Amino acid sequence: MDLVFWIPALVAIVATLLAVTNYNPVHGLLYLIVSLLAVALIFFRLGAPFAGILEVIVYAGAIVVLFVFVVMMLNLGDAVVEQEKRWLKPRVWAGPAVLCGVLIVELWRVVWPAGATHPLSDAVIDAPHVGVALFGPYLLAVELASMMLLAALVAAFHLGRHD
């Protein structure tokens, strides 16, 4: 059994469930970041380092920052300030911190495997392969995803606008 695959998979499942079931949007975003980092580690393990790097940069970085901006645009007033003060307590960060710690240990095992002299996978998917796939057979899917993100941003702007 390959623990370098199964532990991040379990972390991704748990963090995704916590992100979806959490009532607090900021806490949900923290668990979403942990889930995306776990998926990136799975990509690294499966021999797709470029996809793993894109997962971290694009999704865990840019998309989650976009979500944070949407949460900020939906400002709910002065009552939010007291709630934000409660979010700064260490117990709020305990769940994401533990899951990130597990991912760091697994990343250490992936990057420096004990006694292994072989690569992680036989086939490595690099940037040219991803580019050919994105601008080849998956061009329509990429364009539809970008239009959906734009529509979500416009909808969030109109929902958060104060008349």
# chains A, B, ... in the order shown; residues from 1 in each chain; ligands from 1
$ residues_around --residues "Leu17 (chain A)" --least-positions-apart "5" --cutoff "9 Å" --atoms "only C-alpha atoms" --output "MDAnalysis selection string"
chainID A and resid 12 22 31
$ write_last_selection --atoms "N, CA and C atoms" --output "JSON list (two decimals), in the first residue's frame"
[["chain", "number", "residue", "atom", "x", "y", "z"],
["A", 12, "ALA", "N", -7.38, 15.02, 1.83],
["A", 12, "ALA", "CA", -8.19, 15.78, 0.87],
["A", 12, "ALA", "C", -9.68, 15.52, 1.10],
["A", 22, "ASN", "N", -18.89, 23.37, 6.69],
["A", 22, "ASN", "CA", -18.61, 24.43, 7.64],
["A", 22, "ASN", "C", -19.55, 25.61, 7.39],
["A", 31, "TYR", "N", -10.10, 25.20, 5.00],
["A", 31, "TYR", "CA", -10.14, 23.77, 4.70],
["A", 31, "TYR", "C", -10.04, 23.51, 3.21]]
$ residues_around --residues "Glu55 (chain A)" --least-positions-apart "2" --cutoff "9 Å" --atoms "only C-alpha atoms" --output "list in words"
Leu36, Leu37, Val39, Ala40, Phe43, Phe50, Ala51, Gly52, Ile53, Ile57, Val58, Tyr59, Ala60 and Gly61 of chain A
$ closest_atom_pairs --of "region 12-75 of chain A" --to "region 138-160 of chain A" --cutoff "7 Å" --atoms "only C-alpha atoms" --output "CSV"
residue,atom,partner,partner_atom,distance
A:Val70,CA,A:Ala156,CA,6.2
A:Met73,CA,A:Gly160,CA,5.5
A:Leu74,CA,A:Gly160,CA,4.4
$ write_last_selection --atoms "N, CA, C and O atoms" --output "PDB file, in the first residue's frame"
ATOM      1  N   VAL A  70     -14.448  37.785  -2.651  1.00  0.00           N
ATOM      2  CA  VAL A  70     -15.908  37.704  -2.695  1.00  0.00           C
ATOM      3  C   VAL A  70     -16.479  37.774  -1.287  1.00  0.00           C
ATOM      4  O   VAL A  70     -17.463  38.481  -1.042  1.00  0.00           O
ATOM      5  N   MET A  73     -16.275  41.299  -0.290  1.00  0.00           N
ATOM      6  CA  MET A  73     -17.255  42.154  -0.968  1.00  0.00           C
ATOM      7  C   MET A  73     -18.639  41.987  -0.369  1.00  0.00           C
ATOM      8  O   MET A  73     -19.456  42.899  -0.402  1.00  0.00           O
ATOM      9  N   LEU A  74     -18.933  40.805   0.187  1.00  0.00           N
ATOM     10  CA  LEU A  74     -20.216  40.567   0.837  1.00  0.00           C
ATOM     11  C   LEU A  74     -20.150  40.978   2.294  1.00  0.00           C
ATOM     12  O   LEU A  74     -20.591  40.272   3.188  1.00  0.00           O
TER      13      LEU A  74
END
$ select_by_dssp --residues "chain A" --states "alpha helix (DSSP H)" --output "JSON list (two decimals) with N, CA and C atoms, in the first residue's frame"
[["chain", "number", "residue", "atom", "x", "y", "z"],
["A", 3, "LEU", "N", 1.50, 4.67, 1.01],
["A", 3, "LEU", "CA", 1.02, 5.67, 1.98],
["A", 3, "LEU", "C", 1.17, 7.10, 1.48],
["A", 4, "VAL", "N", 2.13, 7.33, 0.58],
["A", 4, "VAL", "CA", 2.33, 8.68, 0.06],
["A", 4, "VAL", "C", 1.15, 9.10, -0.82],
["A", 5, "PHE", "N", 0.39, 8.15, -1.29],
["A", 5, "PHE", "CA", -0.82, 8.47, -2.03],
["A", 5, "PHE", "C", -2.05, 8.48, -1.11],
["A", 6, "TRP", "N", -2.18, 7.48, -0.25],
["A", 6, "TRP", "CA", -3.41, 7.30, 0.52],
["A", 6, "TRP", "C", -3.57, 8.32, 1.64],
["A", 7, "ILE", "N", -2.50, 8.74, 2.28],
["A", 7, "ILE", "CA", -2.63, 9.73, 3.36],
["A", 7, "ILE", "C", -3.08, 11.09, 2.81],
["A", 8, "PRO", "N", -2.46, 11.63, 1.73],
["A", 8, "PRO", "CA", -3.00, 12.88, 1.19],
["A", 8, "PRO", "C", -4.41, 12.72, 0.64],
["A", 9, "ALA", "N", -4.75, 11.54, 0.12],
["A", 9, "ALA", "CA", -6.11, 11.33, -0.36],
["A", 9, "ALA", "C", -7.10, 11.41, 0.79],
["A", 10, "LEU", "N", -6.76, 10.82, 1.92],
["A", 10, "LEU", "CA", -7.62, 10.89, 3.10],
["A", 10, "LEU", "C", -7.72, 12.32, 3.62],
["A", 11, "VAL", "N", -6.58, 13.04, 3.64],
["A", 11, "VAL", "CA", -6.59, 14.44, 4.08],
["A", 11, "VAL", "C", -7.47, 15.28, 3.14],
["A", 12, "ALA", "N", -7.38, 15.02, 1.83],
["A", 12, "ALA", "CA", -8.19, 15.78, 0.87],
["A", 12, "ALA", "C", -9.68, 15.52, 1.10],
["A", 13, "ILE", "N", -10.04, 14.27, 1.36],
["A", 13, "ILE", "CA", -11.45, 13.95, 1.58],
["A", 13, "ILE", "C", -11.96, 14.62, 2.86],
["A", 14, "VAL", "N", -11.20, 14.50, 3.94],
["A", 14, "VAL", "CA", -11.63, 15.09, 5.22],
["A", 14, "VAL", "C", -11.71, 16.62, 5.11],
["A", 15, "ALA", "N", -10.69, 17.24, 4.51],
["A", 15, "ALA", "CA", -10.69, 18.70, 4.40],
["A", 15, "ALA", "C", -11.80, 19.18, 3.49],
["A", 16, "THR", "N", -12.10, 18.45, 2.43],
["A", 16, "THR", "CA", -13.19, 18.84, 1.54],
["A", 16, "THR", "C", -14.54, 18.73, 2.25],
["A", 17, "LEU", "N", -14.73, 17.66, 3.00],
["A", 17, "LEU", "CA", -15.98, 17.54, 3.76],
["A", 17, "LEU", "C", -16.12, 18.66, 4.78],
["A", 18, "LEU", "N", -15.03, 19.02, 5.45],
["A", 18, "LEU", "CA", -15.08, 20.12, 6.41],
["A", 18, "LEU", "C", -15.31, 21.46, 5.71],
["A", 19, "ALA", "N", -14.76, 21.63, 4.50],
["A", 19, "ALA", "CA", -14.97, 22.87, 3.76],
["A", 19, "ALA", "C", -16.42, 23.02, 3.32],
["A", 20, "VAL", "N", -17.03, 21.91, 2.95],
["A", 20, "VAL", "CA", -18.41, 21.96, 2.46],
["A", 20, "VAL", "C", -19.40, 22.10, 3.60],
["A", 21, "THR", "N", -19.14, 21.45, 4.74],
["A", 21, "THR", "CA", -20.11, 21.44, 5.83],
["A", 21, "THR", "C", -19.92, 22.56, 6.84],
["A", 25, "PRO", "N", -17.71, 30.92, 6.32],
["A", 25, "PRO", "CA", -17.06, 30.90, 5.00],
["A", 25, "PRO", "C", -15.54, 30.97, 5.07],
["A", 26, "VAL", "N", -15.00, 31.68, 6.03],
["A", 26, "VAL", "CA", -13.54, 31.79, 6.12],
["A", 26, "VAL", "C", -12.94, 30.45, 6.55],
["A", 27, "HIS", "N", -13.58, 29.78, 7.49],
["A", 27, "HIS", "CA", -13.09, 28.46, 7.90],
["A", 27, "HIS", "C", -13.20, 27.48, 6.75],
["A", 28, "GLY", "N", -14.27, 27.57, 5.99],
["A", 28, "GLY", "CA", -14.42, 26.73, 4.81],
["A", 28, "GLY", "C", -13.32, 26.96, 3.80],
["A", 29, "LEU", "N", -12.92, 28.22, 3.64],
["A", 29, "LEU", "CA", -11.81, 28.53, 2.73],
["A", 29, "LEU", "C", -10.48, 27.95, 3.23],
["A", 30, "LEU", "N", -10.27, 27.98, 4.54],
["A", 30, "LEU", "CA", -9.04, 27.38, 5.08],
["A", 30, "LEU", "C", -8.99, 25.89, 4.79],
["A", 31, "TYR", "N", -10.10, 25.20, 5.00],
["A", 31, "TYR", "CA", -10.14, 23.77, 4.70],
["A", 31, "TYR", "C", -10.04, 23.51, 3.21],
["A", 32, "LEU", "N", -10.56, 24.41, 2.38],
["A", 32, "LEU", "CA", -10.43, 24.26, 0.94],
["A", 32, "LEU", "C", -8.97, 24.36, 0.51],
["A", 33, "ILE", "N", -8.21, 25.26, 1.12],
["A", 33, "ILE", "CA", -6.79, 25.38, 0.82],
["A", 33, "ILE", "C", -6.07, 24.08, 1.18],
["A", 34, "VAL", "N", -6.38, 23.51, 2.33],
["A", 34, "VAL", "CA", -5.76, 22.25, 2.74],
["A", 34, "VAL", "C", -6.11, 21.15, 1.74],
["A", 35, "SER", "N", -7.35, 21.11, 1.30],
["A", 35, "SER", "CA", -7.77, 20.10, 0.34],
["A", 35, "SER", "C", -7.03, 20.25, -0.98],
["A", 36, "LEU", "N", -6.88, 21.47, -1.46],
["A", 36, "LEU", "CA", -6.17, 21.70, -2.71],
["A", 36, "LEU", "C", -4.70, 21.35, -2.60],
["A", 37, "LEU", "N", -4.09, 21.62, -1.45],
["A", 37, "LEU", "CA", -2.69, 21.23, -1.26],
["A", 37, "LEU", "C", -2.54, 19.71, -1.22],
["A", 38, "ALA", "N", -3.50, 19.02, -0.66],
["A", 38, "ALA", "CA", -3.46, 17.56, -0.65],
["A", 38, "ALA", "C", -3.58, 17.00, -2.07],
["A", 39, "VAL", "N", -4.45, 17.58, -2.87],
["A", 39, "VAL", "CA", -4.58, 17.15, -4.26],
["A", 39, "VAL", "C", -3.29, 17.43, -5.03],
["A", 40, "ALA", "N", -2.64, 18.54, -4.74],
["A", 40, "ALA", "CA", -1.35, 18.84, -5.39],
["A", 40, "ALA", "C", -0.31, 17.79, -5.03],
["A", 41, "LEU", "N", -0.30, 17.36, -3.79],
["A", 41, "LEU", "CA", 0.63, 16.31, -3.37],
["A", 41, "LEU", "C", 0.33, 15.00, -4.09],
["A", 42, "ILE", "N", -0.93, 14.71, -4.32],
["A", 42, "ILE", "CA", -1.30, 13.50, -5.08],
["A", 42, "ILE", "C", -0.79, 13.62, -6.51],
["A", 43, "PHE", "N", -0.91, 14.80, -7.11],
["A", 43, "PHE", "CA", -0.37, 15.00, -8.46],
["A", 43, "PHE", "C", 1.14, 14.76, -8.48],
["A", 44, "PHE", "N", 1.85, 15.28, -7.49],
["A", 44, "PHE", "CA", 3.29, 15.04, -7.42],
["A", 44, "PHE", "C", 3.59, 13.54, -7.33],
["A", 45, "ARG", "N", 2.83, 12.84, -6.53],
["A", 45, "ARG", "CA", 3.06, 11.41, -6.35],
["A", 45, "ARG", "C", 2.78, 10.62, -7.62],
["A", 49, "PRO", "N", 4.35, 16.65, -11.89],
["A", 49, "PRO", "CA", 4.76, 17.81, -11.07],
["A", 49, "PRO", "C", 4.23, 19.13, -11.59],
["A", 50, "PHE", "N", 4.08, 19.26, -12.91],
["A", 50, "PHE", "CA", 3.56, 20.50, -13.45],
["A", 50, "PHE", "C", 2.11, 20.71, -13.02],
["A", 51, "ALA", "N", 1.31, 19.66, -13.04],
["A", 51, "ALA", "CA", -0.08, 19.77, -12.59],
["A", 51, "ALA", "C", -0.14, 20.08, -11.10],
["A", 52, "GLY", "N", 0.79, 19.51, -10.32],
["A", 52, "GLY", "CA", 0.84, 19.81, -8.89],
["A", 52, "GLY", "C", 1.19, 21.27, -8.63],
["A", 53, "ILE", "N", 2.15, 21.78, -9.38],
["A", 53, "ILE", "CA", 2.53, 23.19, -9.22],
["A", 53, "ILE", "C", 1.39, 24.11, -9.64],
["A", 54, "LEU", "N", 0.72, 23.76, -10.74],
["A", 54, "LEU", "CA", -0.44, 24.55, -11.16],
["A", 54, "LEU", "C", -1.55, 24.51, -10.12],
["A", 64, "VAL", "N", -8.53, 30.81, -4.53],
["A", 64, "VAL", "CA", -8.94, 31.02, -3.14],
["A", 64, "VAL", "C", -8.85, 32.50, -2.77],
["A", 65, "VAL", "N", -7.88, 33.22, -3.32],
["A", 65, "VAL", "CA", -7.82, 34.66, -3.10],
["A", 65, "VAL", "C", -9.06, 35.33, -3.70],
["A", 66, "LEU", "N", -9.50, 34.84, -4.85],
["A", 66, "LEU", "CA", -10.74, 35.35, -5.44],
["A", 66, "LEU", "C", -11.92, 35.09, -4.52],
["A", 67, "PHE", "N", -11.97, 33.91, -3.91],
["A", 67, "PHE", "CA", -13.04, 33.62, -2.96],
["A", 67, "PHE", "C", -12.98, 34.54, -1.75],
["A", 68, "VAL", "N", -11.77, 34.82, -1.28],
["A", 68, "VAL", "CA", -11.62, 35.73, -0.14],
["A", 68, "VAL", "C", -12.12, 37.12, -0.51],
["A", 69, "PHE", "N", -11.82, 37.58, -1.71],
["A", 69, "PHE", "CA", -12.33, 38.88, -2.15],
["A", 69, "PHE", "C", -13.86, 38.88, -2.21],
["A", 70, "VAL", "N", -14.45, 37.79, -2.65],
["A", 70, "VAL", "CA", -15.91, 37.70, -2.70],
["A", 70, "VAL", "C", -16.48, 37.77, -1.29],
["A", 71, "VAL", "N", -15.86, 37.06, -0.34],
["A", 71, "VAL", "CA", -16.32, 37.13, 1.04],
["A", 71, "VAL", "C", -16.18, 38.56, 1.57],
["A", 72, "MET", "N", -15.10, 39.25, 1.19],
["A", 72, "MET", "CA", -14.92, 40.63, 1.63],
["A", 72, "MET", "C", -15.93, 41.56, 0.97],
["A", 73, "MET", "N", -16.28, 41.30, -0.29],
["A", 73, "MET", "CA", -17.26, 42.15, -0.97],
["A", 73, "MET", "C", -18.64, 41.99, -0.37],
["A", 79, "ALA", "N", -21.23, 43.80, 12.80],
["A", 79, "ALA", "CA", -21.29, 42.56, 13.58],
["A", 79, "ALA", "C", -20.19, 41.59, 13.18],
["A", 80, "VAL", "N", -19.67, 41.75, 11.98],
["A", 80, "VAL", "CA", -18.62, 40.86, 11.48],
["A", 80, "VAL", "C", -17.30, 41.10, 12.21],
["A", 81, "VAL", "N", -17.07, 42.32, 12.70],
["A", 81, "VAL", "CA", -15.81, 42.64, 13.36],
["A", 81, "VAL", "C", -15.62, 41.78, 14.61],
["A", 82, "GLU", "N", -16.66, 41.63, 15.40],
["A", 82, "GLU", "CA", -16.55, 40.79, 16.59],
["A", 82, "GLU", "C", -16.32, 39.33, 16.22],
["A", 83, "GLN", "N", -16.95, 38.89, 15.16],
["A", 83, "GLN", "CA", -16.76, 37.52, 14.72],
["A", 83, "GLN", "C", -15.34, 37.30, 14.21],
["A", 84, "GLU", "N", -14.78, 38.29, 13.52],
["A", 84, "GLU", "CA", -13.42, 38.17, 13.03],
["A", 84, "GLU", "C", -12.42, 38.12, 14.18],
["A", 85, "LYS", "N", -12.71, 38.81, 15.28],
["A", 85, "LYS", "CA", -11.83, 38.73, 16.45],
["A", 85, "LYS", "C", -11.82, 37.32, 17.02],
["A", 86, "ARG", "N", -12.97, 36.66, 16.99],
["A", 86, "ARG", "CA", -13.03, 35.27, 17.48],
["A", 86, "ARG", "C", -12.28, 34.32, 16.56],
["A", 87, "TRP", "N", -12.17, 34.65, 15.27],
["A", 87, "TRP", "CA", -11.49, 33.78, 14.32],
["A", 87, "TRP", "C", -9.98, 33.76, 14.55],
["A", 90, "PRO", "N", -6.37, 30.58, 18.47],
["A", 90, "PRO", "CA", -5.63, 29.43, 17.95],
["A", 90, "PRO", "C", -6.49, 28.19, 17.69],
["A", 91, "ARG", "N", -7.57, 28.01, 18.42],
["A", 91, "ARG", "CA", -8.39, 26.81, 18.23],
["A", 91, "ARG", "C", -9.04, 26.78, 16.85],
["A", 92, "VAL", "N", -9.24, 27.95, 16.25],
["A", 92, "VAL", "CA", -9.82, 28.01, 14.91],
["A", 92, "VAL", "C", -8.85, 27.44, 13.88],
["A", 93, "TRP", "N", -7.56, 27.65, 14.11],
["A", 93, "TRP", "CA", -6.53, 27.22, 13.16],
["A", 93, "TRP", "C", -6.04, 25.81, 13.43],
["A", 94, "ALA", "N", -6.55, 25.14, 14.47],
["A", 94, "ALA", "CA", -6.04, 23.82, 14.84],
["A", 94, "ALA", "C", -6.30, 22.79, 13.76],
["A", 95, "GLY", "N", -7.51, 22.73, 13.22],
["A", 95, "GLY", "CA", -7.84, 21.73, 12.20],
["A", 95, "GLY", "C", -6.98, 21.87, 10.94],
["A", 96, "PRO", "N", -6.96, 23.07, 10.32],
["A", 96, "PRO", "CA", -6.11, 23.21, 9.14],
["A", 96, "PRO", "C", -4.62, 23.02, 9.45],
["A", 97, "ALA", "N", -4.18, 23.40, 10.64],
["A", 97, "ALA", "CA", -2.76, 23.23, 10.98],
["A", 97, "ALA", "C", -2.38, 21.76, 11.09],
["A", 98, "VAL", "N", -3.23, 20.95, 11.70],
["A", 98, "VAL", "CA", -2.94, 19.51, 11.82],
["A", 98, "VAL", "C", -2.92, 18.86, 10.44],
["A", 99, "LEU", "N", -3.91, 19.18, 9.61],
["A", 99, "LEU", "CA", -3.94, 18.59, 8.27],
["A", 99, "LEU", "C", -2.75, 19.04, 7.42],
["A", 100, "CYS", "N", -2.35, 20.31, 7.55],
["A", 100, "CYS", "CA", -1.17, 20.79, 6.83],
["A", 100, "CYS", "C", 0.10, 20.12, 7.34],
["A", 101, "GLY", "N", 0.17, 19.86, 8.64],
["A", 101, "GLY", "CA", 1.33, 19.14, 9.19],
["A", 101, "GLY", "C", 1.45, 17.75, 8.60],
["A", 102, "VAL", "N", 0.32, 17.06, 8.46],
["A", 102, "VAL", "CA", 0.35, 15.73, 7.83],
["A", 102, "VAL", "C", 0.83, 15.83, 6.39],
["A", 103, "LEU", "N", 0.37, 16.86, 5.67],
["A", 103, "LEU", "CA", 0.80, 17.03, 4.29],
["A", 103, "LEU", "C", 2.29, 17.37, 4.19],
["A", 104, "ILE", "N", 2.82, 18.13, 5.13],
["A", 104, "ILE", "CA", 4.24, 18.46, 5.10],
["A", 104, "ILE", "C", 5.08, 17.22, 5.31],
["A", 105, "VAL", "N", 4.65, 16.35, 6.23],
["A", 105, "VAL", "CA", 5.38, 15.10, 6.45],
["A", 105, "VAL", "C", 5.35, 14.23, 5.20],
["A", 106, "GLU", "N", 4.19, 14.17, 4.55],
["A", 106, "GLU", "CA", 4.08, 13.37, 3.32],
["A", 106, "GLU", "C", 4.89, 13.99, 2.19],
["A", 107, "LEU", "N", 4.91, 15.31, 2.09],
["A", 107, "LEU", "CA", 5.73, 15.96, 1.07],
["A", 107, "LEU", "C", 7.20, 15.67, 1.30],
["A", 108, "TRP", "N", 7.61, 15.65, 2.55],
["A", 108, "TRP", "CA", 9.00, 15.30, 2.86],
["A", 108, "TRP", "C", 9.31, 13.88, 2.38],
["A", 109, "ARG", "N", 8.37, 12.97, 2.58],
["A", 109, "ARG", "CA", 8.57, 11.59, 2.13],
["A", 109, "ARG", "C", 8.60, 11.49, 0.61],
["A", 110, "VAL", "N", 7.85, 12.35, -0.09],
["A", 110, "VAL", "CA", 7.85, 12.31, -1.54],
["A", 110, "VAL", "C", 9.16, 12.87, -2.10],
["A", 111, "VAL", "N", 9.60, 13.99, -1.55],
["A", 111, "VAL", "CA", 10.79, 14.65, -2.09],
["A", 111, "VAL", "C", 12.05, 13.88, -1.74],
["A", 127, "ALA", "N", 5.22, 20.59, -18.82],
["A", 127, "ALA", "CA", 4.47, 21.73, -19.35],
["A", 127, "ALA", "C", 4.05, 21.57, -20.81],
["A", 128, "PRO", "N", 4.90, 21.09, -21.72],
["A", 128, "PRO", "CA", 4.42, 20.95, -23.10],
["A", 128, "PRO", "C", 3.24, 19.98, -23.24],
["A", 129, "HIS", "N", 3.25, 18.90, -22.47],
["A", 129, "HIS", "CA", 2.12, 17.96, -22.53],
["A", 129, "HIS", "C", 0.83, 18.61, -22.05],
["A", 130, "VAL", "N", 0.92, 19.39, -20.99],
["A", 130, "VAL", "CA", -0.27, 20.07, -20.47],
["A", 130, "VAL", "C", -0.76, 21.11, -21.47],
["A", 131, "GLY", "N", 0.15, 21.87, -22.07],
["A", 131, "GLY", "CA", -0.23, 22.88, -23.05],
["A", 131, "GLY", "C", -0.91, 22.29, -24.27],
["A", 132, "VAL", "N", -0.38, 21.18, -24.76],
["A", 132, "VAL", "CA", -0.99, 20.53, -25.92],
["A", 132, "VAL", "C", -2.38, 20.02, -25.56],
["A", 133, "ALA", "N", -2.55, 19.48, -24.35],
["A", 133, "ALA", "CA", -3.87, 18.98, -23.94],
["A", 133, "ALA", "C", -4.86, 20.12, -23.75],
["A", 134, "LEU", "N", -4.42, 21.22, -23.11],
["A", 134, "LEU", "CA", -5.34, 22.33, -22.84],
["A", 134, "LEU", "C", -5.76, 23.06, -24.11],
["A", 139, "LEU", "N", -9.82, 22.38, -25.17],
["A", 139, "LEU", "CA", -9.93, 23.83, -25.33],
["A", 139, "LEU", "C", -11.32, 24.33, -24.94],
["A", 140, "LEU", "N", -12.36, 23.64, -25.35],
["A", 140, "LEU", "CA", -13.72, 24.07, -25.04],
["A", 140, "LEU", "C", -13.98, 24.00, -23.54],
["A", 141, "ALA", "N", -13.49, 22.96, -22.87],
["A", 141, "ALA", "CA", -13.69, 22.85, -21.42],
["A", 141, "ALA", "C", -12.96, 23.96, -20.67],
["A", 142, "VAL", "N", -11.77, 24.33, -21.12],
["A", 142, "VAL", "CA", -11.01, 25.41, -20.48],
["A", 142, "VAL", "C", -11.74, 26.74, -20.65],
["A", 143, "GLU", "N", -12.25, 26.99, -21.83],
["A", 143, "GLU", "CA", -12.97, 28.24, -22.08],
["A", 143, "GLU", "C", -14.28, 28.29, -21.29],
["A", 144, "LEU", "N", -14.99, 27.17, -21.19],
["A", 144, "LEU", "CA", -16.22, 27.14, -20.40],
["A", 144, "LEU", "C", -15.93, 27.38, -18.92],
["A", 145, "ALA", "N", -14.85, 26.80, -18.41],
["A", 145, "ALA", "CA", -14.49, 27.03, -17.00],
["A", 145, "ALA", "C", -14.17, 28.49, -16.75],
["A", 146, "SER", "N", -13.46, 29.13, -17.68],
["A", 146, "SER", "CA", -13.14, 30.55, -17.49],
["A", 146, "SER", "C", -14.39, 31.41, -17.54],
["A", 147, "MET", "N", -15.35, 31.07, -18.40],
["A", 147, "MET", "CA", -16.60, 31.83, -18.45],
["A", 147, "MET", "C", -17.42, 31.63, -17.18],
["A", 148, "MET", "N", -17.41, 30.42, -16.62],
["A", 148, "MET", "CA", -18.13, 30.17, -15.37],
["A", 148, "MET", "C", -17.52, 30.97, -14.22],
["A", 149, "LEU", "N", -16.19, 31.06, -14.17],
["A", 149, "LEU", "CA", -15.54, 31.85, -13.12],
["A", 149, "LEU", "C", -15.88, 33.34, -13.27],
["A", 150, "LEU", "N", -15.91, 33.82, -14.50],
["A", 150, "LEU", "CA", -16.28, 35.22, -14.73],
["A", 150, "LEU", "C", -17.73, 35.48, -14.32],
["A", 151, "ALA", "N", -18.63, 34.57, -14.65],
["A", 151, "ALA", "CA", -20.03, 34.72, -14.28],
["A", 151, "ALA", "C", -20.19, 34.70, -12.76],
["A", 152, "ALA", "N", -19.44, 33.84, -12.07],
["A", 152, "ALA", "CA", -19.51, 33.78, -10.61],
["A", 152, "ALA", "C", -19.02, 35.08, -9.99],
["A", 153, "LEU", "N", -17.97, 35.67, -10.54],
["A", 153, "LEU", "CA", -17.44, 36.92, -10.02],
["A", 153, "LEU", "C", -18.45, 38.06, -10.22],
["A", 154, "VAL", "N", -19.07, 38.12, -11.39],
["A", 154, "VAL", "CA", -20.07, 39.16, -11.65],
["A", 154, "VAL", "C", -21.27, 38.98, -10.72],
["A", 155, "ALA", "N", -21.70, 37.74, -10.53],
["A", 155, "ALA", "CA", -22.84, 37.49, -9.63],
["A", 155, "ALA", "C", -22.49, 37.88, -8.20],
["A", 156, "ALA", "N", -21.28, 37.57, -7.73],
["A", 156, "ALA", "CA", -20.89, 37.94, -6.38],
["A", 156, "ALA", "C", -20.82, 39.45, -6.22],
["A", 157, "PHE", "N", -20.39, 40.16, -7.26],
["A", 157, "PHE", "CA", -20.35, 41.61, -7.20],
["A", 157, "PHE", "C", -21.75, 42.18, -7.06],
["A", 158, "HIS", "N", -22.70, 41.66, -7.83],
["A", 158, "HIS", "CA", -24.06, 42.18, -7.76],
["A", 158, "HIS", "C", -24.75, 41.79, -6.45],
["A", 159, "LEU", "N", -24.42, 40.63, -5.90],
["A", 159, "LEU", "CA", -25.00, 40.24, -4.62],
["A", 159, "LEU", "C", -24.45, 41.10, -3.47],
["A", 160, "GLY", "N", -23.20, 41.49, -3.56],
["A", 160, "GLY", "CA", -22.58, 42.26, -2.49],
["A", 160, "GLY", "C", -22.73, 43.76, -2.61]]
